[in-house]
Structure formats: C-alpha cells, structure tokens
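Participant: Can you read through this structure? Questions will come right after.
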Amino acid sequence: MNISEKEIDHLAELSNLSLEKDEKKALEKDLQNIFKYISKLNELDTENVEPTYQVFEMENVWRKDEILPQDADREALLALSKEQEDNQIKVPKVL
Amino acid sequence: MSDKKYQITIGIETHVQLKTKTKLFSEVDNDARGKEPNSCVSPVDYALPGMLPRLNEDAVKLAIRAGSAMNAKINSRSRFDRKHYFYPDSPKGYQITQFFSPIIGEGSITLPSGKKIRIEHAHLEGDAGKLSHFDSYSLVDLNRVDTPLLEIVSMPDISSAEEARDYCKELWRNMVYAGVTNGDLYNGNMRFDVNISLKKPEDKALGTRAEIKNLNSFRSVERAVEYEYSRQSKLLDNGEKVIQETRGWSDATGKTTSQRSKENAQDYRYMPEPDLAPLNLSEDFIKTEYEKCPELPEDYRKRFKNSVSSDTIEIILDYPELARRLAEVEENNSNEDTVNYIANLFSSVLLAEENSSLLNDPLPDALKLSELAEMKAKNELSSTSAKEVFLKMFEEKHLGKSARILAKELNLIQENDSSALEKIVETVLLNPSTKKAQEDYRSGQEKVLGFLVGQVMKESKGKANPSAVSEILKKKLK
C-alpha cells in the first residue's frame, strides 16, 4: 500500500500541522518505510490468535480514590504554556 | 406534535459526571466547584511526557452501581481506548474512552408511563477541559480534564419530544438515587446528545439523523426535539434531504444550528490504550457493587402506590431526600393516611414557591413528621396549624422539639373537648354583638353560621376545632 499525498494532508490536518512541500515529501517517504516495516506482521498467520492489547498481562490495575499532593503546582504547570491569562492557558481563538 | 405525517425516532447519549473524590486517571480533586481555574490539575492532566494515567477504582465501582440502576449487564471484561482529536480542551490530543469493550452492556430505563427504553451500552471515559471564548482568543481551564464520565447510549426507542424529556428525567433520577452523580444539571453534571430522524410511517428504513449536542436541561431536550421535527419535516416536505450532522441548540433563540466545521474531521483513529491494564472483574466484585444500589424511583412508586396519588409521587421523586424521608415515615407508621398527609405537606407546602429556600435545610425527621400527621388526624391540629407547625420545624431554634411540644409552644393545639367548647360558644352567644346574627340564622339565613363560627374561633384564640364548633352552634340555635 502506498501513502498518498492526500493521506499526508489528511493526517496533517487531523494533527493541526502545516507542512511545507519538501516536508510532505520527506514524511511520505518515512511513513512509507514505517508502513512497509509494520506490514511484515501481516505475513504471520493470526487466524486463531486472540488479539493482544498489552504485553504485561496485568489486569485491574487501579488506585484508591484519594486526593494526593502533586509534584507540580498550578503556577509551575501554567508556566509550561506559551501564554497565560487569568490563570488560564491562552490559545488562538477556536470555535 | 399533532402532525403525524412523519414518525420520529430518537436515541440519546448521556454523559454523567461521576462523583468520585479524585479524577478518573489522576489523584487530584474532582470537585472544582467554586475553585479557581487550573487549580485541580496534575501533570497527568497536562499530559506531560512520561506521565501515565492511573485508574480510579471508585469510578469503576460507581459505573457498576449505575449499571445496576439501569438493570444492565456488567461486562466482567472491559478495556480502554484512545479517541484522537486535536483541540485545546484536551492536552493529550486524545480522549481515553472505552470504544471496543465497554464496562456496561444492555439494560433499560422504564419511564413513568411504563414504556421501556433500552440501553445499548454505557462506557467510562474522561471529560475534556473547559474553553471560554473571547474576541480574538480562547482560554483553557483544565479543572474538568478527566473528570470521570459514564456515557450512556440508549437504543432508538424514543418516539416523541415528551418521551425524550421523560427519558432524560428518569435517567437523571436513577443516577441521582443510585448516588453516582451530584446530578447538578446547571453545572453540566449530566449532558444529553439527542439523535433525531424522521421517516414516513410506511418506510422501513430510518431517515437520516441529526445530532443535537450538549443539551443540559429536560426542557431544552424537549424543545430541541420539537424544533428538529419541524425543521426536518419541512425539508422532507420540500423534497430536500436531511444532512447527517452535529447541531447546537440555543435556549435563547429556540433553534438548532449546524456545527459542521470540516467534512472529514470525524476520524478518531481509535486504538487500544496501552497505558491502562484491561479490567477483568470477578463475579463477587460486580455483585457487591451491584447490590449497593439503593432504592430507585421505580421502587418508591411501588412503595407509595396505595397511599399517595401518582401525580404527587412524581413531584416528590424529583427530590431524592423527600422520597427517602417519606419512606422512613412509612416504615415508622404503616398508616396510609399518615404517609399521604406527609406527601401532600411535601408537595404542596414545602415545594411551594415561597418556601423553596427550606429545601436547603435539614428535613424534620420521620418521627416528628409522623407525630404531626397523627395530631392532624386526631383533630388536635387544624390543617392550617399543622402546616404552620411543619414550617416552624425547619427553624433552628425549634430543631430539638417534637411536633407536640412545638405545637404546644405555638399555642396551636385545637380544643376538641366538647364541654370546654360549649362554654366558649355560650360566651359568644351571650355577647350582644352576635344577637342579630343569631336571629338571622333562626329565620333561615344559614350562611351567617360562618360568621358565628368565626366569632367562636376568635374567642378561642384559634384553638377551637371549627367543625366541632359548627355542630355545637347548630344544636344551640335550634
């Protein structure tokens, strides 16, 4: 299967990325290779094999419903964003 | 909707915020009411590199209890998936949900009319953050990120605006009674997405549907369905097509409007969530939680069927604490009249507009209420006095007092003792100011009896039983 430019555009749009022509070309090639590599798995016969969703074979891993202090406070976390206003993260207008 | 040209088919997806102490995947406060923006947030909510979600056990338990309230099958095996989308309300770039294997399977909600609406499934997922929009920018508050949600998906069994409203209300009641949510609609604790399509009665296939997103009141659900019926039927009448799309509702304009942004945006690229282990719940675990579900509206309807009118029951059922207190009154005293009397005090006195602030105060306990009902039944209190005692029971200075002590203090206990009453009647009849009325009555003007009863009531300082007074007067004036 080939990855078309149209699919690159679609994926870029879903991820809100704006790509230059040469970037698209490079990605097309990279994704093609990744896809080919992964496609090798299709050669295996998985007819009677249950799908694997995770590899640790753990189940019911959960925690108690208790509030715990966090490593980073509001100010530290907000500081990670590009712009802030009134203790909120400021982003370009959406909607 | 008297116009029966088209049949309407409705399915509803409901998001219920679960009232856990912490969020679904992080150990921060899940109750952000009245708190500052971004004050209930952890590095996990920010999706910082390397942060891993940690599942909240109680969210799983509340989901099971919610399933019990819908008489639903609980799937012992379920797991989580990622639903990808790019929007500032979700720092992760995806929502963690249960797309392939939800925790709750088929169930049903029975409407007050008796109609059953089937539940297709319900699944756990994290809520998104809150955006506020301004002229040239938007602000992001992540307090709501990963608040546990249970999304409940109904089958398309709903066939009118009224039924849509009834379904939402009954589901809300069941979730609130089950104790899985605070159920505060104003603050978005439950939100409804309504799918609506029309078809001609003779058509087999369903029509194209529109989805009205994010309704947060029963009334707006009803109005949005009515509006969609007229919008879609006009399109169909003109030979046009209904477009499958998401629409928003405005309470102010009473209209739905298209929210389509990009044609191909709906590509969520679901994949199993590798950071969370699947659930494999034991029968015991499920049973324990399933049985924790307390009495539900349907149980209360059965309980009060013989004592309280169904209209009154439906009013009371909107207030879980009233239904529970009424049940305690019933358990105290199996007398149906007592239960009915207290039910009516709740529905017509406590829930009257002018007393609405009392609902925030603790309710009088069942013993006090039963005693009050008995005093009323024995005519020790007139109905006006009984209402007065009931209302005074909410006042802080009267909290420790029984109904009898309070009635005595307020000097409201009615005189039923006939010899005492006769004395008062005689005093009144001896008063010259009643002489004319007495003559009028004797000459056949029976309606002046009311005036005389009033005079006796006044003389007794309101404590005489008016019907007993009336009987004595009739005897004396023969």
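Starting from 1 in every chain, residues are counted up; chains themselves are A, B, ... following the order of the structure tokens, and ligands are numbered from 1 as listed.
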Using only C-alpha atoms and a cut-off of 9 Å, which residues of chain B sit close to chain A? Please list them as an NGL selection string.
Facilitator: :B and (20-24 or 26-30 or 36-43 or 46 or 54-59 or 79 or 84-88 or 93 or 131 or 133-142 or 261 or 264-265 or 267-268 or 272-281)
Participant: Which residues are close to Tyr441 of chain B, i.e. within 12 Å by only C-alpha atoms, leaving aside same-chain residues fewer than 2 positions away? Reply as a ChimeraX atom specification.
Facilitator: /B:434-439,443-452,473-474,476-478
Participant: Any chance you could list, as a ChimeraX atom specification, the residues in segment 381-430 of chain B that come up alpha helix (DSSP H) when DSSP is run on the backbone?
Facilitator: /B:383-392,403-409,418-430
Participant: Could those residues be written to a file, using C-alpha atoms, as a PDB file, in the first residue's frame?
Facilitator:
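Okay, this is what ended up in again-v2.pdb:
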```pdb
ATOM      1  CA  SER B 383     -54.885  21.856  58.769  1.00  0.00           C
ATOM      2  CA  THR B 384     -53.668  25.468  58.859  1.00  0.00           C
ATOM      3  CA  SER B 385     -51.992  24.936  62.231  1.00  0.00           C
ATOM      4  CA  ALA B 386     -50.420  21.670  61.113  1.00  0.00           C
ATOM      5  CA  LYS B 387     -48.854  23.464  58.149  1.00  0.00           C
ATOM      6  CA  GLU B 388     -47.590  26.162  60.482  1.00  0.00           C
ATOM      7  CA  VAL B 389     -46.028  23.619  62.853  1.00  0.00           C
ATOM      8  CA  PHE B 390     -44.457  21.856  59.843  1.00  0.00           C
ATOM      9  CA  LEU B 391     -42.832  25.054  58.601  1.00  0.00           C
ATOM     10  CA  LYS B 392     -41.614  26.007  62.096  1.00  0.00           C
ATOM     11  CA  ALA B 403     -44.294  18.048  66.947  1.00  0.00           C
ATOM     12  CA  ARG B 404     -46.384  18.082  70.126  1.00  0.00           C
ATOM     13  CA  ILE B 405     -44.023  20.243  72.137  1.00  0.00           C
ATOM     14  CA  LEU B 406     -43.706  22.669  69.245  1.00  0.00           C
ATOM     15  CA  ALA B 407     -47.484  22.829  68.690  1.00  0.00           C
ATOM     16  CA  LYS B 408     -47.983  23.476  72.396  1.00  0.00           C
ATOM     17  CA  GLU B 409     -45.373  26.218  72.427  1.00  0.00           C
ATOM     18  CA  SER B 418     -66.925  19.469  73.839  1.00  0.00           C
ATOM     19  CA  SER B 419     -67.709  20.838  77.326  1.00  0.00           C
ATOM     20  CA  ALA B 420     -64.903  23.372  77.012  1.00  0.00           C
ATOM     21  CA  LEU B 421     -66.094  24.278  73.531  1.00  0.00           C
ATOM     22  CA  GLU B 422     -69.688  24.678  74.715  1.00  0.00           C
ATOM     23  CA  LYS B 423     -68.556  27.196  77.302  1.00  0.00           C
ATOM     24  CA  ILE B 424     -66.834  29.288  74.652  1.00  0.00           C
ATOM     25  CA  VAL B 425     -69.879  29.062  72.365  1.00  0.00           C
ATOM     26  CA  GLU B 426     -72.128  30.215  75.213  1.00  0.00           C
ATOM     27  CA  THR B 427     -69.881  33.223  75.901  1.00  0.00           C
ATOM     28  CA  VAL B 428     -70.105  34.229  72.268  1.00  0.00           C
ATOM     29  CA  LEU B 429     -73.865  33.777  72.103  1.00  0.00           C
ATOM     30  CA  LEU B 430     -74.291  35.944  75.190  1.00  0.00           C
TER      31      LEU B 430
END
```
Participant: Residues at most 7 Å from segment 354-368 of chain B, counting only C-alpha atoms, excluding those fewer than 2 positions away in the same chain, as an mmCIF file with C-alpha atoms, in the first residue's frame?
Facilitator:
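Produced file around16.cif, reproduced below:
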```
data_model
loop_
_atom_site.group_PDB
_atom_site.id
_atom_site.type_symbol
_atom_site.label_atom_id
_atom_site.label_comp_id
_atom_site.auth_asym_id
_atom_site.auth_seq_id
_atom_site.Cartn_x
_atom_site.Cartn_y
_atom_site.Cartn_z
ATOM 1 C CA ARG B 325 -37.829 10.666 54.277
ATOM 2 C CA GLU B 328 -38.939 6.423 56.693
ATOM 3 C CA VAL B 329 -42.306 7.858 57.694
ATOM 4 C CA LEU B 350 -42.532 22.549 51.230
ATOM 5 C CA LEU B 351 -42.302 22.698 47.445
ATOM 6 C CA ALA B 352 -44.441 25.821 47.207
ATOM 7 C CA SER B 370 -45.437 11.015 61.871
ATOM 8 C CA GLU B 371 -46.431 12.657 65.149
ATOM 9 C CA LEU B 372 -47.549 15.768 63.277
ATOM 10 C CA MET B 393 -39.891 22.618 62.389
ATOM 11 C CA PHE B 394 -37.250 23.930 59.963
ATOM 12 C CA SER B 402 -41.181 17.118 68.914
ATOM 13 C CA ALA B 403 -44.294 18.048 66.947
#
```
Participant: One decimal, in Å: what's the spacing between atom CA of Val308 of chain B and atom CA of Arg173 of chain B?
Facilitator: 18.9 Å
Participant: Give me the residues near Glu291 of chain B as a ChimeraX atom specification, where near means some atom within 10 Å (using only C-alpha atoms) and where sequence neighbours in that chain fewer than 5 positions away do not count.
Facilitator: /B:64-65,68-69,286
